[in-house]
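File shown here: model.cif, holding mmCIF, C-alpha atoms and all ligand atoms.
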```cif
data_coords
loop_
_atom_site.label_atom_id
_atom_site.label_comp_id
_atom_site.auth_asym_id
_atom_site.auth_seq_id
_atom_site.Cartn_x
_atom_site.Cartn_y
_atom_site.Cartn_z
CA MET A 1 20.62 80.97 -29.17
CA LYS A 2 23.02 81.28 -26.24
CA ILE A 3 24.89 78.18 -25.10
CA GLY A 4 26.95 78.05 -21.91
CA VAL A 5 30.07 75.89 -21.81
CA LEU A 6 31.24 74.90 -18.34
CA ALA A 7 34.78 76.23 -18.23
CA SER A 8 36.04 74.99 -14.85
CA GLN A 9 38.59 72.63 -16.42
CA GLY A 10 39.09 70.55 -19.58
CA ALA A 11 38.28 70.89 -23.29
CA PHE A 12 35.90 73.86 -23.11
CA ALA A 13 37.65 76.11 -25.67
CA GLU A 14 37.12 73.53 -28.43
CA HIS A 15 33.38 73.35 -27.67
CA ILE A 16 33.14 77.13 -27.80
CA SER A 17 34.83 77.25 -31.19
CA THR A 18 32.62 74.43 -32.56
CA LEU A 19 29.49 76.30 -31.42
CA GLN A 20 30.76 79.50 -33.03
CA GLN A 21 31.25 77.65 -36.31
CA LEU A 22 27.53 76.84 -36.09
CA ASP A 23 26.70 80.51 -35.47
CA ALA A 24 25.57 79.93 -31.90
CA GLU A 25 26.56 82.37 -29.17
CA ALA A 26 28.86 80.46 -26.80
CA VAL A 27 29.73 81.70 -23.32
CA PRO A 28 32.22 80.20 -20.87
CA VAL A 29 30.64 79.46 -17.48
CA ARG A 30 32.72 79.45 -14.29
CA LEU A 31 30.29 81.08 -11.85
CA PRO A 32 26.58 80.51 -11.21
CA GLY A 33 25.67 84.03 -12.42
CA GLU A 34 27.06 83.19 -15.86
CA LEU A 35 24.33 80.60 -16.31
CA ARG A 36 21.71 83.31 -16.46
CA GLY A 37 19.95 83.45 -19.79
CA VAL A 38 21.62 80.41 -21.37
CA ASP A 39 19.38 78.22 -23.53
CA GLY A 40 21.58 75.13 -23.17
CA LEU A 41 24.76 74.00 -21.40
CA ILE A 42 27.70 71.83 -22.44
CA ILE A 43 29.76 70.03 -19.80
CA PRO A 44 33.09 69.18 -21.48
CA GLY A 45 35.61 66.40 -21.08
CA GLY A 46 38.53 66.74 -18.73
CA GLU A 47 39.01 65.18 -15.32
CA SER A 48 35.64 64.45 -13.75
CA THR A 49 36.96 64.52 -10.18
CA SER A 50 38.47 68.01 -10.66
CA ILE A 51 35.43 69.35 -12.51
CA SER A 52 33.16 67.96 -9.78
CA ARG A 53 35.27 69.58 -7.05
CA LEU A 54 35.33 72.93 -8.86
CA MET A 55 31.58 72.82 -9.50
CA SER A 56 31.00 72.25 -5.78
CA SER A 57 33.34 75.03 -4.68
CA TYR A 58 31.73 77.52 -7.03
CA ASN A 59 28.19 76.45 -6.07
CA LEU A 60 27.37 75.29 -9.58
CA MET A 61 25.98 71.84 -8.68
CA ASP A 62 22.54 72.97 -7.45
CA GLU A 63 22.24 75.63 -10.10
CA ILE A 64 22.94 73.20 -12.98
CA THR A 65 20.66 70.55 -11.46
CA SER A 66 17.73 72.94 -11.22
CA MET A 67 18.41 74.23 -14.75
CA ALA A 68 18.22 70.69 -16.12
CA ARG A 69 15.09 69.94 -14.07
CA SER A 70 13.44 73.04 -15.51
CA GLY A 71 13.99 71.64 -19.01
CA ILE A 72 17.14 73.40 -20.21
CA PRO A 73 19.09 70.99 -22.46
CA LEU A 74 22.49 69.70 -21.34
CA PHE A 75 25.20 67.99 -23.39
CA GLY A 76 27.96 66.12 -21.54
CA THR A 77 31.02 64.78 -23.32
CA CYS A 78 33.39 62.24 -21.72
CA ALA A 79 33.99 63.60 -18.17
CA GLY A 80 30.83 65.68 -18.76
CA MET A 81 28.90 62.45 -19.36
CA ILE A 82 30.31 61.01 -16.11
CA LEU A 83 29.16 64.10 -14.23
CA MET A 84 25.63 63.92 -15.68
CA ALA A 85 25.21 60.20 -14.90
CA ARG A 86 22.95 59.00 -12.12
CA ASP A 87 25.49 56.32 -11.10
CA ILE A 88 29.24 56.01 -11.41
CA SER A 89 30.54 52.45 -10.89
CA ALA A 90 32.87 51.97 -7.93
CA ASN A 91 33.67 55.62 -7.53
CA GLY A 92 33.39 58.39 -4.98
CA THR A 93 33.03 61.26 -7.47
CA GLU A 94 29.96 63.37 -6.84
CA SER A 95 27.80 63.60 -9.96
CA LEU A 96 24.79 65.71 -10.84
CA GLY A 97 22.72 62.51 -11.13
CA LEU A 98 20.62 63.76 -14.02
CA ILE A 99 20.51 61.06 -16.69
CA ASN A 100 19.33 57.55 -15.94
CA ILE A 101 22.58 55.74 -16.83
CA ARG A 102 25.39 53.99 -15.00
CA VAL A 103 28.88 54.76 -16.29
CA ARG A 104 32.32 53.31 -15.67
CA ARG A 105 35.31 55.66 -15.76
CA ASN A 106 38.51 54.86 -17.68
CA ALA A 107 36.80 51.78 -19.06
CA PHE A 108 39.28 51.00 -21.83
CA GLY A 109 42.22 50.53 -19.47
CA ARG A 110 45.80 51.67 -19.75
CA GLN A 111 46.71 49.70 -22.87
CA ILE A 112 44.15 51.58 -24.93
CA ASP A 113 44.46 55.06 -23.49
CA SER A 114 42.92 56.72 -26.51
CA PHE A 115 41.67 55.77 -29.94
CA GLU A 116 39.61 57.05 -32.82
CA THR A 117 36.90 55.09 -34.57
CA GLU A 118 34.27 55.59 -37.25
CA LEU A 119 31.08 55.32 -35.24
CA ALA A 120 27.59 54.70 -36.59
CA ILE A 121 25.18 57.22 -35.06
CA PRO A 122 21.86 56.66 -36.87
CA VAL A 123 20.25 59.94 -35.66
CA LEU A 124 22.99 61.82 -37.53
CA GLY A 125 22.47 60.02 -40.82
CA LYS A 126 24.34 57.33 -42.72
CA LYS A 127 27.83 58.78 -42.66
CA PRO A 128 29.83 57.47 -39.66
CA PHE A 129 31.08 59.94 -37.06
CA PRO A 130 34.83 60.21 -36.33
CA ALA A 131 34.72 59.53 -32.58
CA VAL A 132 37.79 60.34 -30.47
CA PHE A 133 37.99 58.46 -27.17
CA ILE A 134 40.48 59.69 -24.54
CA ARG A 135 40.67 57.77 -21.25
CA ALA A 136 37.02 57.36 -21.93
CA PRO A 137 34.17 56.09 -19.82
CA ILE A 138 31.48 53.72 -21.10
CA ILE A 139 27.77 53.47 -20.39
CA GLU A 140 27.31 50.17 -18.52
CA ARG A 141 23.59 50.41 -18.16
CA CYS A 142 20.67 52.52 -19.40
CA ASP A 143 17.43 52.71 -17.45
CA SER A 144 13.96 53.99 -18.25
CA GLY A 145 13.58 56.94 -20.54
CA VAL A 146 17.05 56.62 -22.05
CA ASP A 147 17.56 56.11 -25.80
CA ILE A 148 20.82 54.55 -26.95
CA LEU A 149 22.31 56.60 -29.80
CA ALA A 150 25.53 54.69 -30.51
CA ARG A 151 27.39 51.50 -29.74
CA LEU A 152 30.88 50.29 -30.57
CA THR A 153 31.10 47.12 -32.68
CA ASP A 154 31.34 45.03 -29.49
CA SER A 155 28.02 46.66 -28.52
CA THR A 156 29.40 48.86 -25.74
CA ILE A 157 27.09 51.88 -25.38
CA VAL A 158 28.89 55.19 -26.00
CA ALA A 159 26.16 57.78 -26.64
CA ALA A 160 22.67 58.25 -25.24
CA ARG A 161 19.84 60.72 -24.83
CA GLN A 162 17.10 61.15 -22.26
CA GLY A 163 14.71 63.90 -23.26
CA LYS A 164 16.82 67.05 -23.47
CA LEU A 165 19.90 65.44 -21.93
CA LEU A 166 22.57 64.25 -24.38
CA VAL A 167 25.77 62.37 -23.49
CA THR A 168 28.72 60.94 -25.41
CA ALA A 169 31.70 58.98 -24.05
CA PHE A 170 33.87 60.56 -26.76
CA HIS A 171 34.96 64.06 -27.77
CA PRO A 172 32.98 65.44 -30.75
CA GLU A 173 34.60 68.87 -30.25
CA LEU A 174 38.01 67.47 -31.25
CA THR A 175 36.97 66.69 -34.82
CA ASP A 176 35.71 68.95 -37.57
CA ASP A 177 32.43 67.04 -37.87
CA LEU A 178 29.83 69.46 -36.51
CA ARG A 179 26.85 67.11 -36.62
CA LEU A 180 26.61 66.25 -32.92
CA HIS A 181 26.75 69.90 -31.86
CA ARG A 182 24.14 70.69 -34.53
CA TYR A 183 21.99 67.86 -33.14
CA PHE A 184 22.33 69.42 -29.66
CA LEU A 185 21.36 72.84 -31.01
CA ASP A 186 18.28 71.19 -32.58
CA ILE A 187 17.36 69.85 -29.12
CA VAL A 188 17.80 73.37 -27.72
CA SER A 189 15.67 74.98 -30.42
CA GLY A 190 13.02 72.27 -30.05
CA LYS A 191 13.61 70.91 -33.60
CA SER A 192 14.71 67.49 -32.35
N1 LIG B 201 39.23 59.81 -17.54
C1 LIG B 201 38.52 61.03 -17.29
C2 LIG B 201 37.66 60.92 -16.05
O1 LIG B 201 37.43 59.88 -15.56
C3 LIG B 201 37.65 61.42 -18.47
C4 LIG B 201 38.54 61.70 -19.65
C5 LIG B 201 38.02 62.71 -20.60
O2 LIG B 201 37.13 63.50 -20.30
N2 LIG B 201 38.65 62.73 -21.75
O3 LIG B 201 37.21 61.91 -15.58
#
```
For this file, write the structure as structure tokens.
Amino acid sequence: MKIGVLASQGAFAEHISTLQQLDAEAVPVRLPGELRGVDGLIIPGGESTSISRLMSSYNLMDEITSMARSGIPLFGTCAGMILMARDISANGTESLGLINIRVRRNAFGRQIDSFETELAIPVLGKKPFPAVFIRAPIIERCDSGVDILARLTDSTIVAARQGKLLVTAFHPELTDDLRLHRYFLDIVSGKS
């Protein structure tokens, strides 16, 4: 199984090493040609405006959109989730518009720049997931076809899935819990 990790900017190295720990072949993607032959793609966290600009300059937007439309699974974390969202609240950033959610950037404000919490994610089993949020977005609204995978205790939605599209507002690649990446690989292999 070959998984591409968009490597324009942000936390791509950590995703690559997590995938390698799960024995998946992980390739950094900066140019459209590098998407050839990948079975799935991860869009990492970072700065969504910069990633969006770089994706446009390197002609990756159309390529990734048609990949997703043809059924190749995508996993977006933090900024990656923002870029996969259909709508971004009050923002001019260009997204891929793939998953039927509306997100709000930097939703936790300046006081709570980053935090870690034990998050219940029922599809991963009983054990909570150590979720690291860094200047994180939230999912303000989910529309048809979207399953909510996790909420904070105040019921804010922070992980969702629509078919083969998976998004989290937090950074699973910054912990040593491999379950979310394994869940994504199960989507890619058709097991989930
Ligand atoms: N605040 C960033 C943005 O809006 C996302 C932060 C992250 O990916 N950790 O793009």
Using only C-alpha atoms and all ligand atoms, find each residue in chain A having at least one atom no more than 9 Å away from ligand LIG 201 (chain B); report its shortest atom-to-atom pair and that distance in Å (one decimal), rows by chain then rising number, as a Markdown table.
```
| residue | atom | partner | partner_atom | distance |
| --- | --- | --- | --- | --- |
| A:Gly10 | CA | B:LIG201 | O2 | 7.4 |
| A:Ala11 | CA | B:LIG201 | O2 | 8.1 |
| A:Pro44 | CA | B:LIG201 | O2 | 7.1 |
| A:Gly45 | CA | B:LIG201 | O2 | 3.4 |
| A:Gly46 | CA | B:LIG201 | O2 | 3.9 |
| A:Glu47 | CA | B:LIG201 | O3 | 3.7 |
| A:Ser48 | CA | B:LIG201 | O3 | 3.5 |
| A:Thr49 | CA | B:LIG201 | O3 | 6.0 |
| A:Ser50 | CA | B:LIG201 | O3 | 7.9 |
| A:Ile51 | CA | B:LIG201 | O3 | 8.2 |
| A:Thr77 | CA | B:LIG201 | O2 | 6.9 |
| A:Cys78 | CA | B:LIG201 | O2 | 4.2 |
| A:Ala79 | CA | B:LIG201 | O2 | 3.8 |
| A:Gly80 | CA | B:LIG201 | O2 | 6.8 |
| A:Met81 | CA | B:LIG201 | O2 | 8.3 |
| A:Ile82 | CA | B:LIG201 | O3 | 7.0 |
| A:Leu83 | CA | B:LIG201 | O3 | 8.5 |
| A:Arg104 | CA | B:LIG201 | O1 | 8.3 |
| A:Arg105 | CA | B:LIG201 | O1 | 4.7 |
| A:Asn106 | CA | B:LIG201 | N1 | 5.0 |
| A:Ala107 | CA | B:LIG201 | N1 | 8.5 |
| A:Ser114 | CA | B:LIG201 | N2 | 8.8 |
| A:Phe133 | CA | B:LIG201 | N2 | 6.9 |
| A:Ile134 | CA | B:LIG201 | N2 | 4.5 |
| A:Arg135 | CA | B:LIG201 | N1 | 4.5 |
| A:Ala136 | CA | B:LIG201 | C4 | 5.1 |
| A:Pro137 | CA | B:LIG201 | C3 | 6.5 |
| A:Ala169 | CA | B:LIG201 | O2 | 8.0 |
| A:Phe170 | CA | B:LIG201 | N2 | 7.3 |
| A:His171 | CA | B:LIG201 | N2 | 7.2 |
```
With distances taken over only C-alpha atoms, which residue among A:Leu74, A:Gly40, A:Glu140, A:Leu152 lies nearest Asp87 of chain A?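 Closest residue, counting only C-alpha atoms: A:Glu140.
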For a cut-off of 12 Å around (17.6, 57.1, -24.4), file coordinates, pick out all residues using only C-alpha atoms and list them as a PyMOL selection string. chain A and resi 99-101+123+139+141-150+157-168
Pairwise distance for atom CA of Val103 of chain A and atom CA of Lys126 of chain A, rounded to one decimal in Å: 26.9 Å
Which one is closest to Ala120 of chain A: A:His181, A:Arg86, A:Ser155, A:Lys191? Count only C-alpha atoms.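 Of A:His181, A:Arg86, A:Ser155, A:Lys191, the one nearest Ala120 of chain A, counting only C-alpha atoms, is A:Ser155.
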